[in-house]
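Everything on this sheet refers to the single structure shown next.
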Amino acid sequence: MSRTLGRWAGRTVLVVLALAVVLGAWEAYKDWGPKNGVTIAGARILPRTSDAAMPHLSTIWKAFGADEVGGAITLGPAKSVLDSVVSAGLHTLRWAAAGFAIGVVVGMLLALLMDRLRLAERALMPYVVLSQTVPLIALAPLVTKWGQGSSIGSFRWQPWMSVSVIAAYLAFFPVAVGMVRGLKSPSAVHAEYFRSSAAGWWRTLVRLKLPASVPFLVPALRLAAAGAVVGTIVAEISTGLDGGIGRLIITYSQQATGDPSRVYAAVIGAAVLGLVAAAAVTLVDLALWRYSRGADAR
Amino acid sequence: MTQPAPRSPTAASAAVELSAVSKTFTARHGSVVALQDITLTVARGEFVSLIGPSGCGKSTLLRIIADLLRPSSGGVAVNGKPARVARQDQDYGIAFQQAGLLDWRTVAANVELPLELHGVGRRQRRARAIELLELVGLAEFAKHRPPQLSGGMQQRVAIARALAERPALLLMDEPFGALDEMTRERMQNELVRIAGETGAAVVFVTHSIPEAVFLSDRVVVMSPRPGRIAETIAVSLGDRTDDTREAPQFYAAITQVREALRGRPVPDTVEVGVAVDRAVRAQGAL
């Protein structure tokens with residue numbers, strides 16, 4: 001395990017270094033870059049260095065501490081921009097998590113079905129792929145309409161559920177595709193061995209196919225987590241749901257003429273959400289290390 | 001169609017009984033007759049090798065015995081039962097050219113796998129795994145994972161796994177095919193010992209003439225396409241030791257098998273082995 005720790009420490013140092021390089025480049029460009037940016041044949045390649053386009057990092061940092069002014073809609077009392085970003089981030093994260101969970105379950109079920117029935121794979125796979133070419137923005141109003149007013153017993157459809165469904169729509173795809181490949185990954189010799197042992201479908205699934213699919217599933221989950229966050233933010237904006245980071249970005253950019261640093265503050269909040277999601281998947285990965293290929297190296 | 005095996009299971013029934021087994025594979029462009037009219041009986045505790053050029057259907061035949069493939073016609077009985085019942089009852093253990101171990105399980109857990117699949121309790125499984133790993137000389141590697149072991153060690157684990165349920169029959173498809181010559185001979189010695197200790201009958205598919213001769217009570221020589229039994233050669237070498245490999249009877253039996261493989265006497269040459277191997281390969285490539 002100590003070798004694993006060492007590797008993690010090394011990785012952390014690299015990440016911090018990379019971040020430092022990006023931040024340094026930002027400040028250097030702001031100070032020494034051409035005022036009007038770089039344009040080639042009318043297309044802007046690099047941005048202007050004005051405060052409106054590229055606030056100083058310190059300005060963005062200070063923006064977090066600035067008092068919240070009217071207009072930014074958050075669910076809960078927000079005193080500063082940081083409060084707003086944190087509160088909005090937590091809401092978005094919750095919706096994204098719900099979307100991720102739905103997406104993973106649906107993706108896995110689809111994968112199991114496609115693995116079990118050749119016909120299902122041939123029939124479904126084209127639609128699974130096709131589903132991702134439908135723009136989310138077009139889908140969002142539809143999902144909202146379907147959900148609106150529907151209720152089962154005491155259960156009432158909430159607007160955030162539409163957002164989670166849209167997030168799930170992005171998240172299920174990598175899971176379904178990765179998992180199908182994973183379930184089919186055991187070699188012929190393994191399949192023959194399980195057959196010779198008279199192991200039925202369920203036992204073969206649990207003892208062979210699921211463990212074998214882990215190396216395919218973990219990267220798929222990482223994509224799904226990122227997709228769920230992006231999907232939630234886009235869906236918030238296109239369904240007009242209040243309280244999340246997507247909405248906050250819009251609100252701040254409408255005020256941006258005065259204070260662009262706030263937009264960046266919200267964007268950083270969104271980026272942190274992505275990191276949190278990725279970190280959560282890394283925990284899953286660590287928990288399943290035994291099943292990851294190359295486990296012998298540890 | 002498949003005839004149901006006629007016999008009821010009795011202690012006296014043979015380990016394997018094949019009667020007029022044929023197998024035809026139908027592909028898009030016509031069909032290939034892989035096996036034709038194979039009739040063979042393997043007695044309890046008997047070691048029988050199937051040898052022949054590539055494409056002679058020896059692996060197909062093994063898979064038919066294992067009920068991994070259905071014959072196109074003919075009857076298959078294992079332990080006096082229809083092959084399917086024998087598979088479900090775990091009457092045989094099987095090992096392939098690739099060890100086929102599960103990398104995420106420890107060596108011991110791999111050996112336990114068949115027991116786990118059939119609902120044997122944890123403590124019993126543990127005990128049996130330790131016993132088997134001792135049998136194949138890998139007790140100290142119980143907690144390792146397969147990728148940490150050499151090819152030969154992995155193959156020994158696979159053999160231990162095949163023996164887990166004390167099968168009366170062991171089916172082996174070129175299990176030493178991927179090993180180097182030294183390891184291979186050591187594994188052969190071990191297999192002779194293990195087969196002797198467990199009293200299991202073995203059906204052993206191989207490309208190697210010395211291997212077949214060293215291991216077997218009988219060598220079944222097959223001809224290619226359609227696969228048929230060309231000749232069955234009884235080998236009596238007594239107790240197998242490393243000296244057996246130098247014994248004149250050993251060489252005599254090898255020559256006999258070679259001749260059967262070529263279908264005519266072997267010419268007198270020092271490099272017979274190489275020549276025959278080449279001939280066998282060429283024949284297989286036809």
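For the structure tokens, the naming scheme is as follows: chains receive sequential letters (A, B, ...) according to their order of presentation, residues are indexed from 1 within each chain, and ligands are indexed from 1 in presentation order.
For chain B, the residues having at least one atom no farther than 7 Å from chain A, when counting only C-alpha atoms, are Ala66, Leu68, Arg87, Gln88, Gln90, Gly100, Trp104, Pro114, Leu117, Arg145, Pro147 and Gln148 of chain B.
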* Which polymer residues have any atom within 9 Å of an atom of A:Ala226, counting only C-alpha atoms, with same-chain residues fewer than 6 positions away left out, as a ChimeraX atom specification? -> /A:171,273-275,277-278
* Which polymer residues have any atom within 10 Å of an atom of B:Arg125, counting only C-alpha atoms, with same-chain residues fewer than 2 positions away left out, as a list in words? ->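 So, after excluding close chain neighbours, the residues are Ala108, Ala109, Val111, Glu112, Leu113, Pro114, Leu115, Glu116, Gly119, Val120, Gly121, Arg122, Arg123, Ala127, Arg128, Ala129, Ile130, Glu131 and Ala164 of chain B.
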* helix (DSSP H, G or I) per DSSP on the backbone: members of stretch 35-208 of chain B, as JSON, numbers by chain -> {"B": [58, 59, 60, 61, 62, 63, 64, 65, 83, 84, 85, 86, 87, 88, 107, 108, 109, 110, 111, 112, 113, 114, 115, 116, 117, 122, 123, 124, 125, 126, 127, 128, 129, 130, 131, 132, 133, 134, 135, 139, 140, 141, 146, 147, 148, 151, 152, 153, 154, 155, 156, 157, 158, 159, 160, 161, 162, 163, 181, 182, 183, 184, 185, 186, 187, 188, 189, 190, 191, 192, 193, 194, 195, 196, 197, 198]}
* **Nearest candidate to A:Leu221 (options A:Gly10, A:Gly178, A:Pro126, A:Pro135; using only C-alpha atoms)** => A:Gly178
* **Residues within 12 Å of B:Arg63, only C-alpha atoms, excluding chain neighbours under 5 positions, as JSON, numbers by chain** => {"A": [189, 192, 193, 195, 196], "B": [23, 35, 57, 58, 68, 69, 70, 71, 76, 83, 84, 87, 92, 94, 95, 96, 171, 172, 173, 203, 204, 205]}
* Could you find all residues in stretch 40-172 of chain A that DSSP calls strand (DSSP E or B) from the backbone, and write them as number ranges by chain? => A: 40, 43-46, 67, 80, 151-152, 155-156
Could the residues in this selection be saved with N, CA and C atoms as a short mmCIF file (atom, residue, chain, number, x, y, z; two decimals), in the first residue's frame?
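Result went into part-v6.cif, see below:
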```
data_model
loop_
_atom_site.label_atom_id
_atom_site.label_comp_id
_atom_site.auth_asym_id
_atom_site.auth_seq_id
_atom_site.Cartn_x
_atom_site.Cartn_y
_atom_site.Cartn_z
N ILE A 40 -6.36 36.52 -35.89
CA ILE A 40 -5.82 36.08 -37.18
C ILE A 40 -6.99 36.01 -38.15
N ALA A 43 -10.47 36.34 -36.78
CA ALA A 43 -10.90 35.45 -35.69
C ALA A 43 -9.99 35.66 -34.50
N ARG A 44 -10.58 35.83 -33.32
CA ARG A 44 -9.77 36.08 -32.15
C ARG A 44 -9.21 34.76 -31.61
N ILE A 45 -7.91 34.68 -31.58
CA ILE A 45 -7.25 33.47 -31.11
C ILE A 45 -7.00 33.57 -29.61
N LEU A 46 -6.54 34.74 -29.18
CA LEU A 46 -6.29 34.95 -27.75
C LEU A 46 -7.12 36.16 -27.30
N ASP A 67 -19.87 41.05 -1.08
CA ASP A 67 -21.26 40.91 -0.65
C ASP A 67 -22.13 40.56 -1.85
N SER A 80 -22.50 36.32 0.93
CA SER A 80 -21.41 36.70 0.04
C SER A 80 -21.50 35.88 -1.24
N SER A 151 -48.00 13.20 -11.35
CA SER A 151 -47.86 12.79 -9.95
C SER A 151 -48.39 11.38 -9.80
N ILE A 152 -47.74 10.62 -8.96
CA ILE A 152 -48.21 9.27 -8.65
C ILE A 152 -48.48 9.23 -7.16
N PHE A 155 -46.66 11.35 -4.62
CA PHE A 155 -45.43 11.78 -5.29
C PHE A 155 -45.75 12.81 -6.36
N ARG A 156 -45.12 13.97 -6.25
CA ARG A 156 -45.32 15.00 -7.26
C ARG A 156 -44.00 15.26 -7.97
#
```
